[in-house]
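Asks: After the structure tokens below, expect a handful of questions from me.
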Amino acid sequence: MAGSPRRAAGRRLQLPLLCLLLQGATAILFAVFVRYNPETDAALWHSGNRSSSDNEFYFRYPSFQDVHVMVCVGFGFLMAFLQRYGFSSVGFTFLLAAFALQWSTLIQGFFHSLHGGHIHVGVQSMINADFCAAAVLISFGAVLGKTGPAQLLLVALLEVLLFGVNEFVLLSLLGVKDAGGSMTIHTFGAYFGLVLSRVLYRPHLEKSKHRQGSIYHSDLFAMIGTIFLWTFWPSFNSAPTMLGDGQHRTTLNTYYSLTASTLSTFALSALVGEHGRLDMVHIQNAALAGGVVVGTSGEMMLTPFGALAAGFLAGTVSTLGYKFFTPVLEAKFKLQDTCGVHNLHGMPGVLGALLGVLVAGLATHEAYGDGLGSVFPLVAEGQRSATAQAMYQLFGLLVTLTFASVGGGLGGLLLRLPFLDPPPDSQCYEDRIYWEVPGELKDEAQGSLRAEETDTRA
Amino acid sequence: MAGSPRRAAGRRLQLPLLCLLLQGATAILFAVFVRYNPETDAALWHSGNRSSSDNEFYFRYPSFQDVHVMVCVGFGFLMAFLQRYGFSSVGFTFLLAAFALQWSTLIQGFFHSLHGGHIHVGVQSMINADFCAAAVLISFGAVLGKTGPAQLLLVALLEVLLFGVNEFVLLSLLGVKDAGGSMTIHTFGAYFGLVLSRVLYRPHLEKSKHRQGSIYHSDLFAMIGTIFLWTFWPSFNSAPTMLGDGQHRTTLNTYYSLTASTLSTFALSALVGEHGRLDMVHIQNAALAGGVVVGTSGEMMLTPFGALAAGFLAGTVSTLGYKFFTPVLEAKFKLQDTCGVHNLHGMPGVLGALLGVLVAGLATHEAYGDGLGSVFPLVAEGQRSATAQAMYQLFGLLVTLTFASVGGGLGGLLLRLPFLDPPPDSQCYEDRIYWEVPGELKDEAQGSLRAEETDTRA
Amino acid sequence: MAGSPRRAAGRRLQLPLLCLLLQGATAILFAVFVRYNPETDAALWHSGNRSSSDNEFYFRYPSFQDVHVMVCVGFGFLMAFLQRYGFSSVGFTFLLAAFALQWSTLIQGFFHSLHGGHIHVGVQSMINADFCAAAVLISFGAVLGKTGPAQLLLVALLEVLLFGVNEFVLLSLLGVKDAGGSMTIHTFGAYFGLVLSRVLYRPHLEKSKHRQGSIYHSDLFAMIGTIFLWTFWPSFNSAPTMLGDGQHRTTLNTYYSLTASTLSTFALSALVGEHGRLDMVHIQNAALAGGVVVGTSGEMMLTPFGALAAGFLAGTVSTLGYKFFTPVLEAKFKLQDTCGVHNLHGMPGVLGALLGVLVAGLATHEAYGDGLGSVFPLVAEGQRSATAQAMYQLFGLLVTLTFASVGGGLGGLLLRLPFLDPPPDSQCYEDRIYWEVPGELKDEAQGSLRAEETDTRA
């Protein structure tokens with residue numbers, strides 16, 4: 001009893017203090033390090049004597065905006081399928097994205113765009129920061145409903161750092177290609193989140209089981225997320241690729257892959273469903289696996305048929321994963337994966353990496369012509385054979401799995417620090433702990449908060 | 001009784017097998033026929049010695065993305081107004097779009113971009129495929145709630161084919177202008193769907209009447225669809241027009257037309273409503289008629305005033321159609337048009353075609369200057385007079401109405417094949433036949449499925 | 001009793017007649033005055049011998065579309081937080097936007113793009129018109145739920161006019177910089193709405209108090225608005241700035257500012273909330289203050305750190321405003337501000353104007369190089385010192401506050417005309433007065449309409 005008021009006061013202060021601390025720190029680092037790049041700075045741009053229409057803004061900003069919608073609207077609403085966790089799904093997505101965008105601007109900037117001691121920022125750094133935020137939100141999906149906002153911010157602090165290191169190792173040190181992030185975003189985010197969730201395993205989570213499902217309207221809100229993700233995924237995979245044919249081809253491949261994963265998801269969902277009924281969980285998630293699976297190979301000469309085949313496979317694996325693999329993961333491996341990120345981002349991400357190995361290994365001068373240099377510069381320059389590039393791609397996957405697993409483990413240990421008050425087992429997937437919930441639920445909320453006090457004291 | 005389990009098994013397998021079959025077939029056709037076009041292919045693009053910024057991607061992709069949102073988010077949520085059919089509205093939109101995009105890439109490719117035996121694809125083919133998907137979804141609106149997903153896929157198989165033929169006849173053989181598809185998309189989709197619905201007339205549909213309306217939140221979900229359609233319609237009509245002034249002018253005309261159809265819809269809805277109250281059905285639908293009505297003439301020198309007048313007329317006709325004509329269609333012509341596509345796409349589409357006749361007939365060298373060649377190439381080259389162009393436009397409308405009606409009729413006969421299990425009259429507009437519906441409705445669902453069994457046995 | 005049927009008939013006719021009258025008037029003015037500009041007109045563009053890729057369309061249209069989504073989807077759904085006013089929030093937003101876009105095309109055209117007696121329109125005029133519509137919708141937020149649609153249209157008629165005058169005085173006469181409209185849009189819209197609301201003060205509004213809050217799902221609908229506003233705000237502030245580095249820099253500053261306002265909003269909301277709980281009202285609104293606060297200075301060399309600091313301050317002030325200032329405004333100043341526009345647009349708008357004063361005053365040739373001319377042409381040309389520019393900026397704020405207050409006052413007097421039937425105190429925040437509300441609420445609606453009759457007769 002004695003600790004209870006102090007504990008309540010602590011919880012009250014944890015989130016605000018952490019937000020203020022993190023914001024203060026990034027602001028100071030911004031003041032010291034972050035500068036407009038030559039495309040954004042008035043003096044530098046105008047000293048260049050270039051036409052306005054050459055500014056990179058016009059080639060990348062529309063794609064950036066689509067990515068930005070995916071990160072904020074797409075991920076936020078996709079996770080709003082839980083019946084009583086919509087405020088947290090959408091709200092914490094918002095909070096995590098805001099912090100991750102700032103923090104990854106710094107981390108990625110240190111690794112990728114340090115010029116004379118300053119980090120240069122522009123539309124490309126905005127795209128990169130959104131990509132990093134996407135990985136953080138994927139991990140969030142694995143622990144959705146089981147962690148508080150202060151915990152999530154701390155994990156993001158760690159994850160953004162490791163994301164930056166892993167990305168640097170792959171793209172800069174190993175010369176791996178991964179424009180749409182099958183490895184750096186999806187595989188990394190998924191396995192980070194899964195290991196995190198494993199470390200935070202809750203044996204008595206069934207106490208919140210009644211809140212773990214959706215209701216009719218929450219499923220429709222989630223479909224807002226799904227459809228925006230599906231629609232804009234071609235922009236996601238193409239946002240950072242080479243200009244011209246590179247962006248063009250990537251959008252086309254992603255578009256075809258997504259149509260195929262949608263058809264295979266409907267097919268498989270009905271096939272394995274009771275009475276042949278479709279399952280909203282599959283449609284909301286597995287239909288998107290086609291975007292994940294061409295994250296690495298989308299910019300390559302995958303061919304339209306290759307895109308269809310890849311998407312079809314990804315939708316199939318993802319749907320079967322939701323149906324058969326997720327229950328096993330929880331029962332046998334103590335892995336509670338709220339959104340099934342293993343099925344949407346984990347397995348399709350690994351498949352996408354392997355597809356990248358295959359397509360890179362098949363790259364020839366004949367197929368790419370003079371465009372080989374823009375897709376595989378090291379191969380075009382003769383520093384590597386296509387087979388060697390394929391091996392580097394494969395090694396990149398292993399590096400990513402390692403960083404993700406170690407990172408998720410560290411994150412889990414961090415979150416087990418006792419003063420980081422997680423929701424009790426009986427109050428998971430519940431907005432009322434963190435949010436003022438409007439009137440209709442008030443009585444129930446108070447009842448439940450009393451229950452919670454009992455629960456935490458026990 | 002004896003057939004019941006077999007029948008259930010059949011229903012269970014129909015959708016998955018059809019999805020797999022169709023996907024398999026399009027994948028094989030893709031492997032044989034579909035290739036990257038010179039703007040998308042690494043070797044071809046880089047052999048061209050062109051600047052990245054010349055790639056068509058940068059001129060069309062932002063418009064494509066808006067169209068893509070309209071097709072997936074817009075149509076899907078617009079149809080989610082039904083109280084118990086939101087999963088199907090959004091989900092089957094998703095399924096139909098995914099299939100139609102693949103299939104129409106092939107059909108339109110055969111007609112429009114066959115080069116040396118290969119179909120060339122790029123951003124333009126993506127836009128065209130989305131346009132075809134839009135027509136399929138318009139037809140879906142007429143039979144919404146009364147057909148199953150396997151039936152819908154079969155209809156789409158036929159409709160995409162006929163859409164491609166009709167589009168080829170109009171644009172390539174007749175030299176008709178119809179960038180935003182007043183004829184090829186809206187008129188075609190609407191009358192295809194209406195004839196389809198007529199053939200599938202259900203005399204006892206009143207058994208599902210209690211599910212035919214909206215509830216408060218389903219109307220708000222539908223407004224998501226409406227507002228995205230309204231916002232992005234300028235991109236829809238302009239996506240395939242000539243670059244430069246063509247796209248620019250089309251967006252402007254569409255924008256003005258939509259503001260006017262919105263004002264006339266509010267005016268008429270309040271005027272004919274009980275106690276002067278507005279009707280959500282009108283606002284959700286008729287306010288969009290301004291986009292439909294300038295689908296043909298939007299790229300022409302319609303003038304801003306012309307756009308306002310056209311939009312005003314379309315909103316008026318559409319609202320009055322919902323109020324007075326739809327009940328007559330059902331009572332006298334046995335035409336059950338769930339979403340009122342006759343009012344949103346049928347009449348405004350025909351009006352738009354006629355407006356195109358008028359504006360084309362008034363085209364002069366004086367008004368278009370050297371731009372005449374990009375809007376009416378045959379007139380500019382002296383092969384046709386403006387009046388002749390107008391006559392061709394009119395003939396294009398008749399051709400479209402013919403193809404749409406014959407196609408809808410064939411589609412209806414196809415769907416009456418006995419093994420294509422439609423929902424019984426008492427289970428129309430009901431998600432539970434096709435979807436696992438979350439907990440809150442479970443008991444009711446089971447009761448209702450028992451009722452359904454009785455119903456189908458009877 | 002005698003007047004009641006006539007009154008009902010009057011109400012029934014007021015909205016339709018006003019819509020038709022306004023549409024007729026703008027259509028005539030369009031016919032007389034509005035013409036395609038040289039980038040949109042077929043003859044003029046093709047006489048220019050320019051490449052299609054030079055058309056301004058390709059530099060501004062993607063930004064325009066984002067702004068258009070913000071105005072229609074963003075504002076509409078943001079205001080849909082009220083439990084029984086979703087139809088009106090989204091629907092009247094739609095109606096007001098449609099009218100304001102037409103009317104402001106005329107008003108802004110008279111002031112800014114009159115060429116030879118004709119108003120020239122194109123993508124720039126579409127952006128400007130959407131900006132004016134945004135100001136109208138901000139004012140709408142202050143009186144949301146307390147005015148009818150006919151009243152709102154009349155106010156918009158006046159507000160668009162004054163918006164145009166104020167904008168002309170600031171941008172053209174005073175040479176003030178305000179690309180993203182901290183002054184012209186946010187400050188103007190907010191104080192216009194606040195004075196309007198003050199004049200329409202309702203002492204017995206507590207009769208509708210039970211409808212003034214949100215419910216769980218209405219808060220999620222509102223979050224759709226919030227997240228789209230948040231995501232697209234960089235496009236809003238940059239849509240009308242100079243091409244090249246100007247647009248690029250503005251998006252970057254806005255993006256950073258919004259991340260900081262989000263973090264400070266979460267921090268402050270939890271800090272001042274009961275039991276440390278977050279308040280959806282804060283998250284939905286104050287998190288956006290970062291976009292408002294850099295509306296003036298976003299195109300300037302604010303620096304990334306400056307953007308973070310500004311956003312942080314705006315989120316803080318806005319959240320504290322919702323918590324502590326709004327109740328005082330109502331209790332002491334009789335100011336009923338439904339959406340808290342004072343906190344989201346008023347205070348952050350004034351702060352943004354003052355930030356513009358500061359950043360303009362610090363402008364040097366060293367910081368801007370040859371780009372000084374595109375941000376501060378009068379300073380670059382030597383007609384003004386940076387300090388003088390700062391003073392003009394400050395004067396612009398005062399002018400805006402004056403126009404807004406006088407305008408809001410006039411608007412209020414206009415709306416107190418007795419024949420403009422406002423909803424009675426007991427029927428505020430209630431869709432059923434203006435809309436056919438679907439079945440589930442019908443009985444209640446009839447009961448409530450009887451209550452309303454009693455109320456209005458009393």
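Lettering and numbering for the structure tokens are positional, with chains as A, B, ... in the shown order, residues counted from 1 in each chain, and ligands counted from 1 in the shown order.
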Please find the residues of chain A near chain C - the criterion being any atom within 6 Å, counting only C-alpha atoms - and write them as number ranges by chain.
Replies: A: 12, 16, 19, 30-31, 39-40, 42-43, 46, 52, 55, 57, 98, 434-436, 438
Asks: Kindly export the residues of the current selection with all heavy atoms, as a tab-separated table (two decimals), in the first residue's frame.
Replies:
```
chain	number	residue	atom	x	y	z
A	12	ARG	N	2.78	8.74	-13.49
A	12	ARG	CA	2.31	10.00	-14.04
A	12	ARG	C	3.44	10.80	-14.66
A	12	ARG	O	3.25	11.48	-15.67
A	12	ARG	CB	1.66	10.79	-12.90
A	12	ARG	CG	1.11	12.12	-13.31
A	12	ARG	CD	0.58	12.90	-12.12
A	12	ARG	NE	0.16	14.21	-12.58
A	12	ARG	CZ	-1.00	14.75	-12.31
A	12	ARG	NH1	-1.87	14.11	-11.57
A	12	ARG	NH2	-1.31	15.94	-12.76
A	16	PRO	N	5.86	12.01	-19.43
A	16	PRO	CA	6.23	13.40	-19.73
A	16	PRO	C	7.72	13.67	-19.60
A	16	PRO	O	8.33	14.31	-20.47
A	16	PRO	CB	5.44	14.23	-18.71
A	16	PRO	CG	4.58	13.31	-17.96
A	16	PRO	CD	4.78	11.92	-18.44
A	19	CYS	N	9.59	12.16	-22.56
A	19	CYS	CA	9.37	12.95	-23.78
A	19	CYS	C	10.21	14.22	-23.75
A	19	CYS	O	10.87	14.56	-24.74
A	19	CYS	CB	7.90	13.37	-23.91
A	19	CYS	SG	6.78	12.07	-24.41
A	30	PHE	N	20.50	18.52	-32.69
A	30	PHE	CA	20.14	19.20	-33.94
A	30	PHE	C	20.87	20.54	-34.04
A	30	PHE	O	21.39	20.90	-35.10
A	30	PHE	CB	18.62	19.44	-34.00
A	30	PHE	CG	17.87	18.40	-34.79
A	30	PHE	CD1	17.86	17.06	-34.41
A	30	PHE	CD2	17.14	18.75	-35.92
A	30	PHE	CE1	17.17	16.10	-35.13
A	30	PHE	CE2	16.44	17.79	-36.66
A	30	PHE	CZ	16.46	16.47	-36.26
A	31	ALA	N	20.86	21.28	-32.94
A	31	ALA	CA	21.50	22.60	-32.97
A	31	ALA	C	22.98	22.49	-33.32
A	31	ALA	O	23.53	23.29	-34.08
A	31	ALA	CB	21.32	23.30	-31.62
A	39	GLU	N	20.55	21.28	-51.45
A	39	GLU	CA	19.30	21.42	-52.21
A	39	GLU	C	18.24	22.18	-51.41
A	39	GLU	O	17.18	22.51	-51.92
A	39	GLU	CB	18.73	20.02	-52.53
A	39	GLU	CG	19.71	19.03	-53.11
A	39	GLU	CD	19.51	18.79	-54.59
A	39	GLU	OE1	18.35	18.89	-55.03
A	39	GLU	OE2	20.50	18.53	-55.30
A	40	THR	N	18.52	22.41	-50.15
A	40	THR	CA	17.53	22.96	-49.23
A	40	THR	C	17.95	24.31	-48.70
A	40	THR	O	17.12	25.12	-48.27
A	40	THR	CB	17.35	21.97	-48.04
A	40	THR	OG1	17.27	20.64	-48.54
A	40	THR	CG2	16.09	22.28	-47.26
A	42	ALA	N	19.19	28.05	-48.78
A	42	ALA	CA	19.00	29.16	-49.73
A	42	ALA	C	20.32	29.57	-50.37
A	42	ALA	O	20.43	29.71	-51.59
A	42	ALA	CB	18.36	30.35	-49.02
A	43	ALA	N	21.34	29.77	-49.56
A	43	ALA	CA	22.62	30.25	-50.10
A	43	ALA	C	23.29	29.19	-50.98
A	43	ALA	O	23.74	29.48	-52.09
A	43	ALA	CB	23.55	30.65	-48.96
A	46	HIS	N	21.31	28.52	-54.36
A	46	HIS	CA	21.38	29.61	-55.33
A	46	HIS	C	22.81	29.87	-55.81
A	46	HIS	O	23.00	30.52	-56.83
A	46	HIS	CB	20.74	30.88	-54.77
A	46	HIS	CG	19.26	30.79	-54.75
A	46	HIS	ND1	18.47	31.17	-55.80
A	46	HIS	CD2	18.39	30.30	-53.83
A	46	HIS	CE1	17.20	30.95	-55.52
A	46	HIS	NE2	17.13	30.42	-54.34
A	52	SER	N	15.45	25.48	-60.90
A	52	SER	CA	14.59	24.99	-59.83
A	52	SER	C	14.13	23.57	-60.09
A	52	SER	O	14.00	22.75	-59.19
A	52	SER	CB	13.33	25.86	-59.72
A	52	SER	OG	13.65	27.15	-59.33
A	55	ASN	N	15.90	20.50	-58.70
A	55	ASN	CA	15.94	20.21	-57.27
A	55	ASN	C	15.38	18.81	-57.00
A	55	ASN	O	14.31	18.46	-57.50
A	55	ASN	CB	15.14	21.27	-56.50
A	55	ASN	CG	15.48	21.27	-55.02
A	55	ASN	OD1	15.20	20.32	-54.32
A	55	ASN	ND2	16.12	22.35	-54.56
A	57	PHE	N	13.83	17.67	-54.75
A	57	PHE	CA	12.48	17.74	-54.21
A	57	PHE	C	11.45	17.21	-55.19
A	57	PHE	O	10.55	16.45	-54.82
A	57	PHE	CB	12.18	19.21	-53.87
A	57	PHE	CG	10.81	19.44	-53.32
A	57	PHE	CD1	10.53	19.16	-51.99
A	57	PHE	CD2	9.80	19.96	-54.11
A	57	PHE	CE1	9.26	19.39	-51.46
A	57	PHE	CE2	8.53	20.19	-53.59
A	57	PHE	CZ	8.27	19.91	-52.27
A	98	ALA	N	6.98	10.31	-34.29
A	98	ALA	CA	7.53	11.66	-34.09
A	98	ALA	C	8.93	11.59	-33.49
A	98	ALA	O	9.86	12.28	-33.95
A	98	ALA	CB	6.60	12.47	-33.18
A	434	TYR	N	-3.97	4.45	-20.15
A	434	TYR	CA	-3.14	5.56	-20.62
A	434	TYR	C	-3.93	6.76	-21.12
A	434	TYR	O	-3.37	7.81	-21.36
A	434	TYR	CB	-2.23	5.06	-21.76
A	434	TYR	CG	-1.40	3.89	-21.35
A	434	TYR	CD1	-1.63	2.62	-21.87
A	434	TYR	CD2	-0.40	4.04	-20.39
A	434	TYR	CE1	-0.88	1.54	-21.46
A	434	TYR	CE2	0.35	2.96	-19.97
A	434	TYR	CZ	0.11	1.71	-20.51
A	434	TYR	OH	0.86	0.65	-20.10
A	435	TRP	N	-5.23	6.57	-21.31
A	435	TRP	CA	-6.03	7.59	-21.96
A	435	TRP	C	-7.29	7.90	-21.16
A	435	TRP	O	-7.88	7.00	-20.58
A	435	TRP	CB	-6.49	7.12	-23.35
A	435	TRP	CG	-5.37	6.84	-24.29
A	435	TRP	CD1	-4.69	5.67	-24.42
A	435	TRP	CD2	-4.80	7.76	-25.25
A	435	TRP	NE1	-3.73	5.79	-25.40
A	435	TRP	CE2	-3.77	7.05	-25.92
A	435	TRP	CE3	-5.06	9.08	-25.61
A	435	TRP	CZ2	-2.99	7.64	-26.92
A	435	TRP	CZ3	-4.31	9.66	-26.59
A	435	TRP	CH2	-3.28	8.95	-27.24
A	436	GLU	N	-7.70	9.15	-21.18
A	436	GLU	CA	-9.04	9.50	-20.78
A	436	GLU	C	-9.99	8.94	-21.84
A	436	GLU	O	-9.93	9.38	-22.99
A	436	GLU	CB	-9.22	11.02	-20.72
A	436	GLU	CG	-8.48	11.69	-19.60
A	436	GLU	CD	-9.05	11.32	-18.25
A	436	GLU	OE1	-10.25	10.99	-18.16
A	436	GLU	OE2	-8.28	11.35	-17.27
A	438	PRO	N	-13.73	8.46	-23.39
A	438	PRO	CA	-14.98	9.21	-23.25
A	438	PRO	C	-16.08	8.43	-22.54
A	438	PRO	O	-16.08	7.21	-22.49
A	438	PRO	CB	-15.39	9.51	-24.68
A	438	PRO	CG	-14.54	8.69	-25.56
A	438	PRO	CD	-13.32	8.34	-24.79
```
Asks: In stretch 194-314 of chain A, what's alpha helix (DSSP H) per DSSP? Answer as number ranges by chain?
Replies: A: 194-199, 216-238, 245-272, 280-285, 289-293, 304-314
Asks: Quick one: residues within 10 Å of stretch 169-181 of chain A, only C-alpha atoms, excluding same-chain residues fewer than 4 positions away - as a ChimeraX atom specification?
Replies: /A:111-112,131-132,135,163-165,185-188,233-242,250,254,291-300,349,352-353,356-357,360,375-378,389-397,399-400
Asks: Do a neighbour search on B:Ser139 at 6 Å with only C-alpha atoms, toss out local chain neighbours closer than 4 positions, and write the hits as a PDB file with N, CA and C atoms, in the first residue's frame.
Replies:
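This went into out12.pdb:
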```
ATOM      1  N   GLY B 189     -19.541   0.902 -67.057  1.00  0.00           N
ATOM      2  CA  GLY B 189     -19.644   0.209 -65.770  1.00  0.00           C
ATOM      3  C   GLY B 189     -21.065   0.224 -65.225  1.00  0.00           C
ATOM      4  N   ALA B 190     -21.728   1.375 -65.349  1.00  0.00           N
ATOM      5  CA  ALA B 190     -23.068   1.492 -64.779  1.00  0.00           C
ATOM      6  C   ALA B 190     -24.062   0.595 -65.512  1.00  0.00           C
ATOM      7  N   GLY B 193     -23.519  -3.090 -65.015  1.00  0.00           N
ATOM      8  CA  GLY B 193     -24.002  -3.494 -63.696  1.00  0.00           C
ATOM      9  C   GLY B 193     -25.522  -3.506 -63.600  1.00  0.00           C
TER      10      GLY B 193
END
```
Asks: Which is closest to A:Gln14 among A:Thr319, A:Gln151, A:Ser113, A:Thr105, if we use only C-alpha atoms?
Replies: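 Closest to A:Gln14, using only C-alpha atoms: A:Gln151.
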